[in-house]
Each structure stands twice: as C-alpha cells, then as structure tokens.
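Contents: one structure, followed by commentary.
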Amino acid sequence: MHARFAGAALAVLLGTVVAPAAARQAGTTRPAAEKAAPAVPQTFDWWRAAGVPSTTPWGQPIDVASTERIRSWTTMPEYTNPLVDHLPDHPTVVSPTDHFGDPVGKPGILHKVDEIYGYFEALAASSPRVQFRLLGETEEGNHLALAIVGSEANLAKLEAVKAGLNKLADPRGTSEAEAKRLIAELPAIYTLYGGLHSTETGAPEMLMELAYRLAVSDDPMIRAIRDDVIVFIVPVAEPDGRNRVVDWHRRYNADAYTMEDRVPGPPYWGKYIFHDNNRDGLQLSARLTQELVNLFLEWKYPVGHDLHESVPYLYVSTGTGPYNPAIDPIAVSEWQWLSNFEVTALTALGMPGVWTHGFYDGWYPGYLLWVTNTRNAVGRFYETFGNSVPNTMKRTVGPQTQVEWYRPNPPRRETLWSLRNNINYQQTGVLHALYLVAQNRERVLEQYWTKASNALRKGRTEAPFAYVVPVDQPRKADAAYMLNLLRRQGIEVHRATADAKYGEVEVRKGDYVVRMDQPYRNFILTLMDVQKFPQDAPTPYDDVAWTFPLFFNLTVQPVDDAAVQRLAMEPVTSEVAIPGMVRTERGRTAYWVVEPAASAHSIAARYALKDVRVEAAEAEIRVGGRTIPPGAWILDASQVSAERVREWAGAYGVAVTGVPAAALEGVARHDLNLPRIAILHTWRSTQDEGWVRYTLDHLGIPYTYIGEDRLKEGRLRDRFDVILFPHQSGSAKAIFQGIDPKYSPMPYTRTPEFPTHGFPDATDDMTGGMGYEGLAALRDFIHAGGTFLALGSTSAFATEFGLVRDVSTTSHPGLFVPGSILKGMAEQPRHPILYGYDATIPLYHRFGPYLSVPDALKGNVLVRYAPANELLMSGLVKNPGALAGQPAVVSVPVGRGHVVLFGFNPLHRHQSHGNFAMVWNALMNWDDLDVGLGAAQPETAVAAGAH
Ligand SMILES: [Zn+2]
C-alpha cells in the first residue's frame with residue numbers, strides 16, 4: 001500500500017500563502033504595529049526530496065500540483081500517509097481544486113455552507129457515483145443536505161437498498177430466509193456527519209475531499225468501499241453555525257497564529273442552541289436534530305459516525321463506560337471492534353496519537369451519534385485535533401502524551417498543527433472504518449438484524465411488556481406531548497380499545513399503550529426506566545438521568561404481564577391529542593373554574609386567553625362535592641362563551657367546571673395578569689438561555705431579549721415586569737464580569753461582510769459584562785416592583801452580589817449530583833409558584849447552586865429537597881444527606897419587588913417539562929408572590945433605588 005515518492009521534485013513555488021486579515025472589520029483591528037508576522041510557518045517542504053510521482057502504484061494519474069500543496073500544508077511526514085497524501089486526477093469529475101482553485105486544507109481557508117454545497121453539486125453533476133440532495137431547513141432557512149457516494153450499480157438501486165434496510169431493521173415483517181437474502185445482497189450504508197459543532201471546523205472541509213476521493217480513486221481499498229458500502233455524507237450538520245463561525249474567523253481570527261491570539265466566539269451557532277445541539281437527541285428540539293432523526297428513520301442505515309474536534313490527535317470513540325445498559329451488547333462490542341481496527345491501522349501507517357477508550361463514557365443517549373445506537377444500529381464519533389482557526393499553530397499537548405494500553409503511540413508534547421493535518425487524520429480514519437465495514441458487509445448487516453431481533457425478543461419475553469399512559473391524569477397536554485415525541489422518535493404508540501387490568505395497573509379504553517414488542521424496545525426502556533448510574537464510576541460526561549415520566553411529571557405505568565400485548569388496541573397513526581373536559585354544575589354558569597395542573601403548557605393556555613381576565617383562587621374551592629386545591633383559574637362566563645371554553649379545554653387538556661356565582665363567594669383571588677418579560681443574556685455564554693428562548697418561542701410566549709448593554713441603560717421597570725435570567729455556566733463573578741475587556745471593542749453586528757452576525761441579538765461590544773451599572777440597574781428594577789427570576793447559577797449571582805440579603809449559597813463537601821432527578825417537597829403549597837403541583841415534585845438537578853436561608857426566612861422556602869433516603873429518583877447522588885431538607889426554590893420580597901431563586905435549572909434543555917410550570921406560575925403571578933408565603937419577612941436589602 002505504501003507508494004514511494006519517486007521522481008524529481010517539480011518546480012512549484014510555495015510561498016507563504018496566508019494574507020493578513022483583510023477582512024477584519026475596521027475599528028476592530030488592533031493597531032498595525034501589534035500585528036506580527038505569522039508566528040509559525042504555514043507551509044513545509046519535508047516532502048520535496050522525494051518528490052511527487054505522476055501516477056499512483058495502480059497507474060492512476062495524480063494531480064501533482066494539488067498533491068504538492070496538500071503535502072506542503074502537512075507539518076510533518078508522520079501526519080499523512082499514502083492513502084491521503086495525494087489527490088487523484090480525473091479527466092471529467094470535478095475535484096475541489098477544479099472547483100475552488102485550491103485543494104481543501106489550505107491555511108487560512110474555511111468554506112461557507114453554500115460554497116460546500118456548490119462543490120457537492122458540481123461533484124454530483126460530474127460523477128455518476130455521487131448524488132446530492134437538500135434536506136429540510138434550519139431555523140434560519142439554511143438547508144441540511146445529503147451527499148450519497150457509491151458505485152454506479154449501488155446508486156442505481158438506492159430505493160431497493162432503503163426498502164431492504166427497513167426490512168432488516170424490523171424483524172416483525174421479515175422472515176429469517178428473507179433476511180438472509182437481504183444480508184447477502186445489500187450494500188451497507190455508512191453515514192458521516194460533519195460540522196455539528198461549528199467551531200470544530202475541519203470535517204466539512206475534509207468531507208468534500210473524501211467524497212471526491214471515494215468517487216474517483218482506483219486505490220483497491222477505495223474500490224472495495226465503493227462496491228460494498230454506500231457512503232452518506234451530511235457535510236454540515238449545523239449550517240447556521242457554520243456560516244456564523246466562518247464569518248467570525250474572517251472578522252476576528254484571520255491573523256491569529258497562536259492559540260492565545262484566537263478571539264473566542266462567536267456568541268451563537270444556531271438561533272437557539274449552541275454546543276448542546278449534540279444533547280438534543282431525546283427531546284428533538286432543533287430542526288437539525290429533527291431532520292437527521294428523520295433521515296435515519298427513512299433509511300435505517302446500520303452505522304452512523306459523527307466528526308468532532310478536540311483532543312489530540314485522533315480519538316476514536318468507545319468510551320470508558322459505564323455504558324448505557326439498554327444497549328445491545330453487540331453494539332458495545334462493535335464500538336470496540338471498529339475503533340481497534342482504526343487505531344491499529346493508523347498506528348501501522350506510522351501516524352502517532354490515534355487512540356480510543358479514555359474519553360467520554362457511553363451512558364447518556366442524547367448525542368447525535370446515538371440516533372443510531374438507540375435504534376439497533378452503531379453510532380460512533382471522532383475527536384480530531386484542531387485549531388478551529390484554519391491557520392497553522394504551535395500546540396502543546398497535556399496528559400494525552402502518556403502511553404496507555406489504549407494509546408500505544410501517543411501524540412508529541414509539542415507540534416505544529418495545521419488544518420491539513422486534521423483533514424489527513426480524519427480522512428484516513430474514516431477510510432479505514434469504511435473499509436472494515438466493506439470487508440465485513442454481511443457481518444455488519446447480520447449483526448444489525450440480530451440486534452433488532454434481540455430487542456424484539458426481549459420485548460416479548462422480558463418485563464416490562466408495555467408502558468401504559470392513562471388519559472385520566474392532570475397534565476394531559478404534557479402526556480400528549482410526550483407521546484407525540486415518542487412517535488417522532490420512530491416509536492410506535494397504541495391506544496387501548498378495551499378495559500383491562502394487569503396486577504395493579506388498570507387500563508381503560510382510550511388509554512395509550514407503548515408496547516415493548518417493537519424494534520426500538522431498548523430505546524423505550526432507557527427513556528421510561530429509572531437510571532442507576534454506578535456510585536464508583538468516574539465523573540460522567542453528561543447528564544446521568546433523563547427518565548421521561550419523571551422529567552414530564554406524568555403517570556406512566558409499566559406492565560409486567562405479557563398478556564398486555566394481547567389487549568385489544570389500535571395503532572396511533574396521527575398526532576396524539578388528549579382533550580380536557582368541560583362540565584357544569586346545577587344553576588346558571590357565572591364562572592368557569594379551571595383545575596390547576598402545573599402543566600408545561602399552562603402558560604400557553606393563559607396566552608390563548610390573553611384578551612380575557614383570568615383570576616387565580618388563593619384557597620381551596622368546593623365544586624360538586626370535590627375540593628379543588630389553591631390556584632384554580634376563574635374565568636367570567638360573561639366574557640368566555642361555553643363554546644370557546646370547550647375548544648380551549650380541548651386544546652390544552654384542562655378540566656373546567658361551570659359554576660354559579662354562589663360557588664365562589666368569599667374565595668380570595670388575584671389577577672393572572674400577563675407580565676412584560678425580559679430574557680436577560682450575557683455575551684459570554686448563550687448556551688442555556690438559548691434553550692429558554694426555544695421553550696418560550698415553542699409555547700408562543702412573547703418576551704424581549706436583552707443583553708448586558710440594554711441592562712446598563714437602566715430604567716428597566718418602565719419596560720418590564722419580569723426579568724428572567726437563565727442559568728449559565730461559570731461563577732457569579734464570571735457572570736458579573738463578562739468577556740474580558742482586553743478584546744474590546746468586539747462588535748457582533750450584521751454588516752455586508754459578515755451577514756450572519758448580529759442575530760439573534762447584536763452589540764457594538766461584547767466585552768465587559770454587566771458590571772456595576774448593570775447590577776445597579778437590576779437592583780433598581782427589583783426595588784421599583786419588578787420580579788427577578790434567577791434559574792440555577794444566576795441564583796448564586798443574585799445572592800453573592802447582594803441583590804437579596806440573607807439568602808446565601810453554600811457548598812456541601814462530598815455532595816455530587818451530575819445531572820440527576822431528585823425529589824423535591826412542596827413546602828408552601830398555597831404559594832402561587834406551586835399552584836397545581838403535588839406534594840412531591842421531581843426536580844432536575846446538576847451541581848447546584850446550593851441555597852441557604854436563615855430561620856427568619858424559612859417561610860420563603862417554597863420547595864425543599866426530600867430526606868436522604870428518598871432523595872434520588874433517577875441518576876446518581878453521592879452524599880445525599882448533605883442536600884436533604886435544603887432549600888431548592890426560594891421567593892423573597894425585596895423593596896417593592898421580588899426575587900425568586902431556583903437552586904437548579906427548571907428550564908433545562910427543553911427537557912425538564914415537569915419543572916416548567918414553576919417558572920410559568922412565577923410569570924403569571926409575578927405581582928402576587930407574597931400570597932401563600934409562610935412567615936414572609938419583607939427585607940430592605942440593598943439601599944433603595946432611585947425610582
Ligand atoms: Zn464537538
């Protein structure tokens with residue numbers, strides 16, 4: 001396989017190719033005197049002595065000029081190999097050089113989405129081995145796209161391949177004999193995703209060259225791939241973010257030649273979701289996740305592979321474990337099998353720093369690559385070393401220079417690293433993975449079939465045999481949302497057409513049934529079951545719990561009797577809706593009484609009646625012999641017709657009773673007047689606030705999105721009633737200080753050169769944080785009667801920077817809660833924030849902050865954590881005694897306003913739906929938060945503001 005570089009070196013001029021930052025916006029550029037020449041060379045000539053031959057060993061012409069440039073951008077000979085160190089020449093098929101004028105991997109060059117798609121279109125137009133199609137649009141109207149590369153024969157039968165893989169994926173309708181025939185005949189499909197994480201910039205570049213090489217190369221290894229594998233390429237999984245990052249590099253980093261010179265940013269990738277676009281696989285919020293899940297569900301390809309960038313030089317996923325126990329052991333072994341081949345093969349090619357195992361665990365199933373793992377296919381990923389900025393830089397490597405059993409040939413401690421090195425490593429690894437699958441095509445397909453068959457068999461023979469979602473439960477809209485989410489995940493849902501009883505579980509006609517005798521049984525199990533993360537495991541890579549019934553705060557009943565699968569039921573084939581109901585008491589209906597339910601959709605229900613006065617009952621109401629707990633909504637029947645109420649109750653799943661005027665005599669109540677909401681963000685971290693915007697937009701809740709600059713202008717109370725400050729990573733001080741002013745001025749504005757900037761918010765300077773002016777403006781807002789909602793870490797900001805007196809944050813040595821679901825206890829059940837909640841509430845919790853209140857404020861603690869022995873509901877808690885009985889939600893009057901502190905993030909990733917209503921209740925009752933407090937002590941706190 002090794003080609004020897006024979007022949008004389010060709011006289012090709014290779015000067016310094018990187019121009020200074022012409023694109024850097026005037027006014028943002030540091031003074032010219034500070035601009036140094038590149039700190040490291042951008043081209044190299046180690047390859048010159050051997051020269052570049054004009055043909056490959058198998059006689060295919062080489063594009064010599066492109067090859068010389070590719071080698072010159074590779075910093076050392078060991079960072080390439082004969083598979084990718086040259087570009088084959090083809091008389092008619094368009095290469096990246098033909099299209100762009102340069103090969104990919106040129107220092108300083110990154111391509112935008114349209115340029116990348118433009119290349120794929122040219123490639124597809126010139127090669128019968130490539131097809132290119134646009135998929136659906138993102139939030140900002142950019143398309144996702146799919147390139148399909150394979151032999152002419154395989155591309156001619158794509159529809160048959162799709163049908164065949166769908167049959168293998170569902171053994172219910174496929175006989176053993178038919179499966180055998182399909183396994184013998186079908187090519188495998190191997191899907192690559194690039195550019196999910198926008199600052200990990202190499203993969204979308206690499207994938208263009210990979211597609212060309214796969215289409216034209218006569219290398220026997222690549223011919224074998226073409227014949228037995230159809231390669232699916234999603235060149236840019238996050239198109240909005242790709243364009244933003246390329247603009248950012250052109251604006252700020254074109255002349256960054258050291259890691260220290262890199263300007264961090266941009267503040268956004270997609271409209272809502274930043275790095276967490278790889279944490280969306282369970283809740284399917286982003287358009288990109290929806291499109292890529294649909295792509296899987298259409299084709300049911302057996303392998304998916306997500307290309308990331310971080311650790312040196314190439315990490316091939318397997319993970320350390322603990323592995324998600326719902327996954328078929330074959331898949332776990334397939335991770336090891338594929339990765340060990342890549343590590344071995346690249347090590348044998350002389351490439352150092354290729355390793356597996358010691359990074360990531362394999363527990364949480366919401367990564368994009370788990371779209372496959374959760375559905376009996378194989379999902380894997382790479383982390384390739386990258387500078388993010390396309391310039392060549394000196395890099396120093398930390399702990400990964402250690403030799404380990406899983407890293408036999410570690411990276412160098414110091415090296416020059418280029419975009420081209422990154423492309424060489426990724427491409428070589430991918431080609432080997434494709435080759436292994438090609439050589440073992442039948443094995444891979446047979447194992448796919450076996451995994452699906454195993455899942456089905458377990459679903460038929462192991463409890464639970466089904467999960468029942470009763471229609472009769474308080475949060476009907478949330479139950480419908482969860483069932484529809486399961487359906488969007490490709491999970492089948494049924495509806496009982498008869499009553500039955502299995503042990504303690506009663507099924508009523510009309511209830512929903514999620515049967516386990518279906519191919520994605522393992523996925524259902526991990527979504528519905530409680531997670532038990534091992535106590536002695538290393539620190540997990542992400543959340544350790546996601547149990548849907550707890551996250552949604554719903555009644556979902558597992559059934560341990562196999563007879564449930566013989567219950568009369570019909571498949572659900574359209575959107576699930578669980579309507580509420582309206583009844584009337586005797587007498588003329590004067591009011592509609594709506595039972596409080598703490599639904600994730602309650603605020604949308606309120607906005608649907610925004611033209612109507614809605615009041616909340618502050619005490620219990622007796623209606624028709626039943627007692628409705630505090631928080632019932634009261635609508636005046638003269639304002640809302642019976643017809644409108646029925647339609648509304650149908651849409652939002654609420655229970656409404658028409659009562660005569662006498663029924664509400666003497667019931668204290670207050671207006672649920674809708675506030676003017678501001679969502680406050682910093683420029684240093686938009687990750688978690690993006691999810692908050694997503695959730696509010698999804699529910700149709702209007703708000704104003706403000707940054708630190710608007711905050712500093714003050715007079716906030718004139719414009720807003722509530723300021724909601726979402727959780728963000730980092731300390732209170734970091735939140736206060738914001739981005740280091742050494743980068744000032746650092747505009748994020750839309751300009752003709754940088755059209756993707758300035759959205760979804762814009763500023764002339766991202767640096768400096770809110771500082772003292774912003775803090776004073778917040779204090780003034782609260783003292784003037786505003787309500788300040790702090791979620792998670794911003795609660796620590798509010799206490800540590802003195803926006804509330806007496807409440808503080810504390811630490812609990814040994815306490816360890818890495819993204820679990822804990823039991824909360826409603827302490828002040830008559831407080832508006834807890835309207836509709838039961839006595840216990842499942843809370844999402846990840847590492848605090850931990851609130852502490854003096855005895856005088858005990859009455860202001862709305863929710864406490866449960867005792868140690870019942871604290872953990874799903875996931876892991878170490879040292880639970882430290883958290884037992886501690887405050888989780890605190891509401892404190894300050895001046896004329898209120899501060900509400902959540903010691904966890906109730907709006908976590910559009911996932912903790914059962915916690916949403918605490919925030920919605922705080923919004924709808926924003927000026928009635930003194931109601932129902934225990935021993936509330938109005939405090940004077942910070943000196944009163946100016947207005
Ligand atoms: Zn990544």
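Residues are referred to by chain and number: the chain letter is A, B, ... according to the order shown in the structure tokens, the number counts from 1 in that chain, and ligands are numbered separately from 1 in the order shown.
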
Can you build me a table of range 220-245 of chain A residues sitting at most 6 Å from range 149-160 of chain A, with the closest atom pair per residue and its distance in Å to one decimal, using only C-alpha atoms, sorted by chain and residue number, as a Markdown table?
```
| residue | atom | partner | partner_atom | distance |
| --- | --- | --- | --- | --- |
| A:Arg226 | CA | A:Gly150 | CA | 4.8 |
| A:Asp227 | CA | A:Ser151 | CA | 5.6 |
| A:Ile230 | CA | A:Gly150 | CA | 4.8 |
| A:Val231 | CA | A:Val149 | CA | 5.1 |
```

DSSP helix (DSSP H, G or I) residues within range 200-424 of chain A, as a VMD selection string: chain A and resid 202 to 216 220 to 228 239 to 253 275 to 278 287 to 299 329 to 348 370 to 373 399 to 401 419 to 424

Range 647-650 of chain A environment, 8 Å, only C-alpha atoms, sequence neighbours closer than 4 positions dropped, as an MDAnalysis selection string: chainID A and resid 578:582 605 608 643 654:656

How would the residues just picked look written out with C-alpha atoms as an mmCIF file, in the first residue's frame?
```
data_model
loop_
_atom_site.group_PDB
_atom_site.id
_atom_site.type_symbol
_atom_site.label_atom_id
_atom_site.label_comp_id
_atom_site.auth_asym_id
_atom_site.auth_seq_id
_atom_site.Cartn_x
_atom_site.Cartn_y
_atom_site.Cartn_z
ATOM 1 C CA ILE A 578 -55.729 14.333 24.946
ATOM 2 C CA PRO A 579 -58.540 16.834 25.284
ATOM 3 C CA GLY A 580 -59.630 18.236 28.594
ATOM 4 C CA MET A 581 -63.248 18.412 29.564
ATOM 5 C CA VAL A 582 -65.932 20.884 30.499
ATOM 6 C CA ALA A 605 -53.180 28.153 27.732
ATOM 7 C CA ALA A 608 -54.614 31.711 24.364
ATOM 8 C CA GLU A 643 -68.146 27.112 23.010
ATOM 9 C CA VAL A 654 -57.575 21.169 31.152
ATOM 10 C CA ALA A 655 -60.543 20.290 33.351
ATOM 11 C CA VAL A 656 -63.156 23.045 33.569
#
```

Each chain A residue no farther than 7 Å from ligand 1, nearest pair in Å, only C-alpha atoms and all ligand atoms, as a Markdown table:
```
| residue | atom | partner | partner_atom_place_in_ligand_line | distance |
| --- | --- | --- | --- | --- |
| A:Leu196 | CA | ligand 1 | 1 (Zn) | 6.9 |
| A:His197 | CA | ligand 1 | 1 (Zn) | 4.9 |
| A:Glu200 | CA | ligand 1 | 1 (Zn) | 6.4 |
| A:His308 | CA | ligand 1 | 1 (Zn) | 4.3 |
| A:Glu309 | CA | ligand 1 | 1 (Zn) | 5.6 |
```

Every residue of range 387-630 of chain A that DSSP places in strand (DSSP E or B), as an MDAnalysis selection string: chainID A and resid 393:396 404 407 414:417 466:469 494:496 500:502 505:507 512:515 532 557:559 569:571 581:584 591:594 614:617 621:623 626:628

Å distance separating CA of Leu207 in chain A from CA of Leu87 in chain A, one decimal place: 13.8 Å

Nearest candidate to Phe359 in chain A (options A:Val311, A:Ala868, A:Val877, A:Ala122; using only C-alpha atoms): A:Val311
